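> Take a look at this one; I'll ask things after.
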Amino acid sequence: CMRAAPTLVVAPGAAALAAPAAPAATAARRGAVMEMLTGVVKEQVVQLRALWRNKRAFAFQGLNLAMIIFSALMIWKCLMVYTNSESPVVVVLTGSMEPAIYPGDLLFLDNSYSEPIRVGEVVVFKIDDRDVPIVHRVLEVHVDKAGRQKILTKGDNNSVDDRRGSIYARGQQWLDRDSIIGRSRVYVPRLGELTMLLNNHPSLKFIVLGVMGLFVLTSKE
């Protein structure tokens with residue numbers, strides 16, 4: 001035989017009393033977070049004042065910050081040389097390549113000329129009148145009489161190719177090989193969402209960089 005499932009009955013009064021608990025808990029969490037942030041800011045201010053009084057320590061921490069910045073630039077330059085690409089790492093900004101690639105996904109590129117561009121590869125290319133490079137898939141490859149590759153691209157989520165979709169410059173029929181910044185070699189989902197957030201809010205970018213610099217300056221190690 002089958003047992004009837006128990007019926008859950010909630011008294012109206014209990015529901016009315018329980019409802020305010022969620023806003024109260026949210027307010028408590030916000031208060032705790034604000035208290036923690038206030039404590040961190042006060043601590044950083046105290047350390048910064050102490051560091052300012054010690055000019056030698058301040059200069060030493062400034063050199064540490066400069067070394068971190070220069071090291072990051074050196075790593076980026078080495079990646080450019082190794083991949084032969086002016087932008088070895090890019091963040092996808094639009095949904096034209098969904099469902100294969102989504103906005104916020106991170107692509108690591110390689111622009112080696114040792115292999116020809118092939119149909120089906122995901123490439124990043126630049127257009128003369130556009131500031132931001134475009135991530136699309138190679139739809140067709142044509143080799144002209146001089147042996148140069150001519151490339152036609154299309155977004156997976158677009159109904160027409162980039163020539164008919166007015167992605168290319170006016171009158172442009174094909175992409176030249178030199179227009180390709182690189183082909184996608186490694187894909188990491190959602191890793192670039194922070195970059196998108198900072199690009200959409202430039203003031204937030206400066207705040208984050210300033211906070212990171214402050215922590216480096218006041219670091220005791």
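Naming scheme: A, B, ... for chains in displayed order of the structure tokens; residues 1 onward per chain; ligands 1 onward as shown.
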Enumerate, in order of chain and increasing residue number, the residues of segment 20-96 of chain A with an atom no farther than 9 Å from segment 133-141 of chain A, each with its shortest atom pair and distance in Å to one decimal, counting only C-alpha atoms, as a Markdown table.

| residue | atom | partner | partner_atom | distance |
| --- | --- | --- | --- | --- |
| A:Val90 | CA | A:Pro133 | CA | 8.9 |
| A:Val92 | CA | A:Val135 | CA | 7.0 |
| A:Leu93 | CA | A:Ile134 | CA | 8.9 |
| A:Thr94 | CA | A:Val135 | CA | 8.9 |
| A:Ser96 | CA | A:His136 | CA | 7.7 |
> Report as an mmCIF file with C-alpha atoms, in the first residue's frame all protein, DNA and RNA residues lying within 8 Å of His142 of chain A, evaluated on only C-alpha atoms, omitting residues in the same chain fewer than 5 positions from it.

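Output saved as selection-v8.cif:
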data_model
loop_
_atom_site.group_PDB
_atom_site.id
_atom_site.type_symbol
_atom_site.label_atom_id
_atom_site.label_comp_id
_atom_site.auth_asym_id
_atom_site.auth_seq_id
_atom_site.Cartn_x
_atom_site.Cartn_y
_atom_site.Cartn_z
ATOM 1 C CA GLN A 149 45.553 33.783 -48.200
ATOM 2 C CA LYS A 150 42.228 35.618 -48.326
ATOM 3 C CA ILE A 151 39.990 34.818 -45.378
#
> Could you check how far atom CA of Glu98 of chain A sits from atom CA of Ser112 of chain A, in Å to one decimal?
25.9 Å
> At a cut-off of 10 Å, using only C-alpha atoms, what residues contact Gln173 of chain A? Leave out same-chain residues fewer than 4 positions from it and give the result as a count of residues only.
8
> So, with only C-alpha atoms as the atoms that count, which of A:Leu175, A:Pro88, A:Tyr82, A:Asn158 lies closest to Phe125 of chain A?
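Using only C-alpha atoms, the shortest distance to Phe125 of chain A belongs to A:Leu175.
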> When you draw a straight line from atom CA of Met36 of chain A to atom CA of Gln61 of chain A, how long is it in Å?
25.1 Å
> Please report, as number ranges by chain, each residue of segment 2-186 of chain A to which DSSP assigns strand (DSSP E or B) when run on this structure's backbone.
A: 89-91, 106-110, 122-125, 134-143, 149-154, 175-176, 180-186
> Between A:Val143, A:Val160, A:Val89, A:Leu214, which residue has the minimum interatomic distance to Leu191 of chain A, considering only C-alpha atoms?
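Of all the options, A:Val89 lies closest to Leu191 of chain A.
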> Hey, could you make a per-residue contact list for segment 176-218 of chain A against segment 63-67 of chain A with 8 Å as the cut-off, showing the nearest pair of atoms and its distance in Å to one decimal, counting only C-alpha atoms, sorted by chain and number, as a tab-separated table?

residue	atom	partner	partner_atom	distance
A:Gly213	CA	A:Leu65	CA	6.9
A:Val216	CA	A:Leu65	CA	6.2
A:Leu217	CA	A:Leu65	CA	6.8
> Store the residues picked out above, limited to C-alpha atoms, as a PDB file, in the first residue's frame.

ATOM      1  CA  GLY A 213      49.242  49.643  -5.184  1.00  0.00           C
ATOM      2  CA  VAL A 216      51.956  46.618  -2.094  1.00  0.00           C
ATOM      3  CA  LEU A 217      53.313  49.795  -0.513  1.00  0.00           C
TER       4      LEU A 217
END
> Per DSSP on the backbone, what are the helix (DSSP H, G or I) residues of segment 1-220 of chain A, as JSON, numbers by chain?
{"A": [12, 13, 14, 15, 16, 17, 18, 21, 22, 23, 24, 25, 26, 27, 28, 29, 30, 31, 32, 33, 34, 35, 36, 37, 38, 39, 40, 41, 42, 43, 44, 45, 46, 47, 48, 49, 50, 51, 52, 53, 55, 56, 57, 58, 59, 60, 61, 62, 63, 64, 65, 66, 67, 68, 69, 70, 71, 72, 73, 74, 75, 76, 77, 78, 79, 80, 81, 82, 83, 177, 178, 179, 193, 194, 195, 196, 197, 198, 199, 200, 202, 203, 204, 205, 206, 207, 208, 209, 210, 211, 212, 213, 214, 215, 216, 217, 218]}
> Between A:Val186, A:Ala28, A:Leu109, A:Val40, which residue has the minimum interatomic distance to Ser87 of chain A, considering only C-alpha atoms?
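Counting only C-alpha atoms, the residue closest to Ser87 of chain A is A:Leu109.
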> Taking only C-alpha atoms into account, which of A:Ser203, A:Gln172, A:Asn84, A:Ser159 comes nearest Met97 of chain A?
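Looking at the shortest contact to Met97 of chain A, the residue is A:Ser159.
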> So which residues touch Gly182 of chain A within 7 Å, counting only C-alpha atoms, skipping near sequence neighbours fewer than 5 positions away, as a list in words?
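Contacts, with the query itself left out: Ser85, Leu109, Asp110, Asn111, Val123 and Val124 of chain A.
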> Take the residues that were just selected and, keeping all heavy atoms, output them as a CSV table (one decimal), in the first residue's frame.

chain,number,residue,atom,x,y,z
A,85,SER,N,52.2,37.7,-31.6
A,85,SER,CA,50.9,38.4,-31.6
A,85,SER,C,51.0,39.7,-30.8
A,85,SER,O,51.5,39.7,-29.7
A,85,SER,CB,49.8,37.5,-31.1
A,85,SER,OG,48.5,38.2,-31.0
A,109,LEU,N,46.2,33.4,-27.6
A,109,LEU,CA,46.3,33.3,-29.1
A,109,LEU,C,47.7,33.0,-29.5
A,109,LEU,O,48.7,33.1,-28.7
A,109,LEU,CB,46.0,34.7,-29.6
A,109,LEU,CG,44.7,35.3,-29.3
A,109,LEU,CD1,44.5,36.7,-30.0
A,109,LEU,CD2,43.5,34.4,-29.6
A,110,ASP,N,47.8,32.5,-30.7
A,110,ASP,CA,49.1,32.2,-31.3
A,110,ASP,C,49.0,32.7,-32.8
A,110,ASP,O,48.0,32.4,-33.4
A,110,ASP,CB,49.5,30.7,-31.3
A,110,ASP,CG,50.7,30.4,-32.1
A,110,ASP,OD1,51.8,31.0,-31.8
A,110,ASP,OD2,50.6,29.6,-33.0
A,111,ASN,N,50.0,33.5,-33.2
A,111,ASN,CA,49.9,34.0,-34.6
A,111,ASN,C,51.1,33.5,-35.4
A,111,ASN,O,51.6,34.3,-36.2
A,111,ASN,CB,49.9,35.6,-34.5
A,111,ASN,CG,49.4,36.2,-35.8
A,111,ASN,OD1,48.6,35.6,-36.5
A,111,ASN,ND2,49.9,37.4,-36.1
A,123,VAL,N,39.6,32.8,-34.9
A,123,VAL,CA,40.7,33.8,-35.1
A,123,VAL,C,40.2,35.1,-34.5
A,123,VAL,O,39.0,35.4,-34.4
A,123,VAL,CB,41.1,33.9,-36.5
A,123,VAL,CG1,41.7,32.6,-37.1
A,123,VAL,CG2,39.9,34.4,-37.4
A,124,VAL,N,41.2,35.9,-34.1
A,124,VAL,CA,41.0,37.3,-33.7
A,124,VAL,C,41.6,38.2,-34.8
A,124,VAL,O,42.8,38.0,-35.1
A,124,VAL,CB,41.6,37.6,-32.3
A,124,VAL,CG1,41.4,39.0,-31.9
A,124,VAL,CG2,41.0,36.6,-31.3
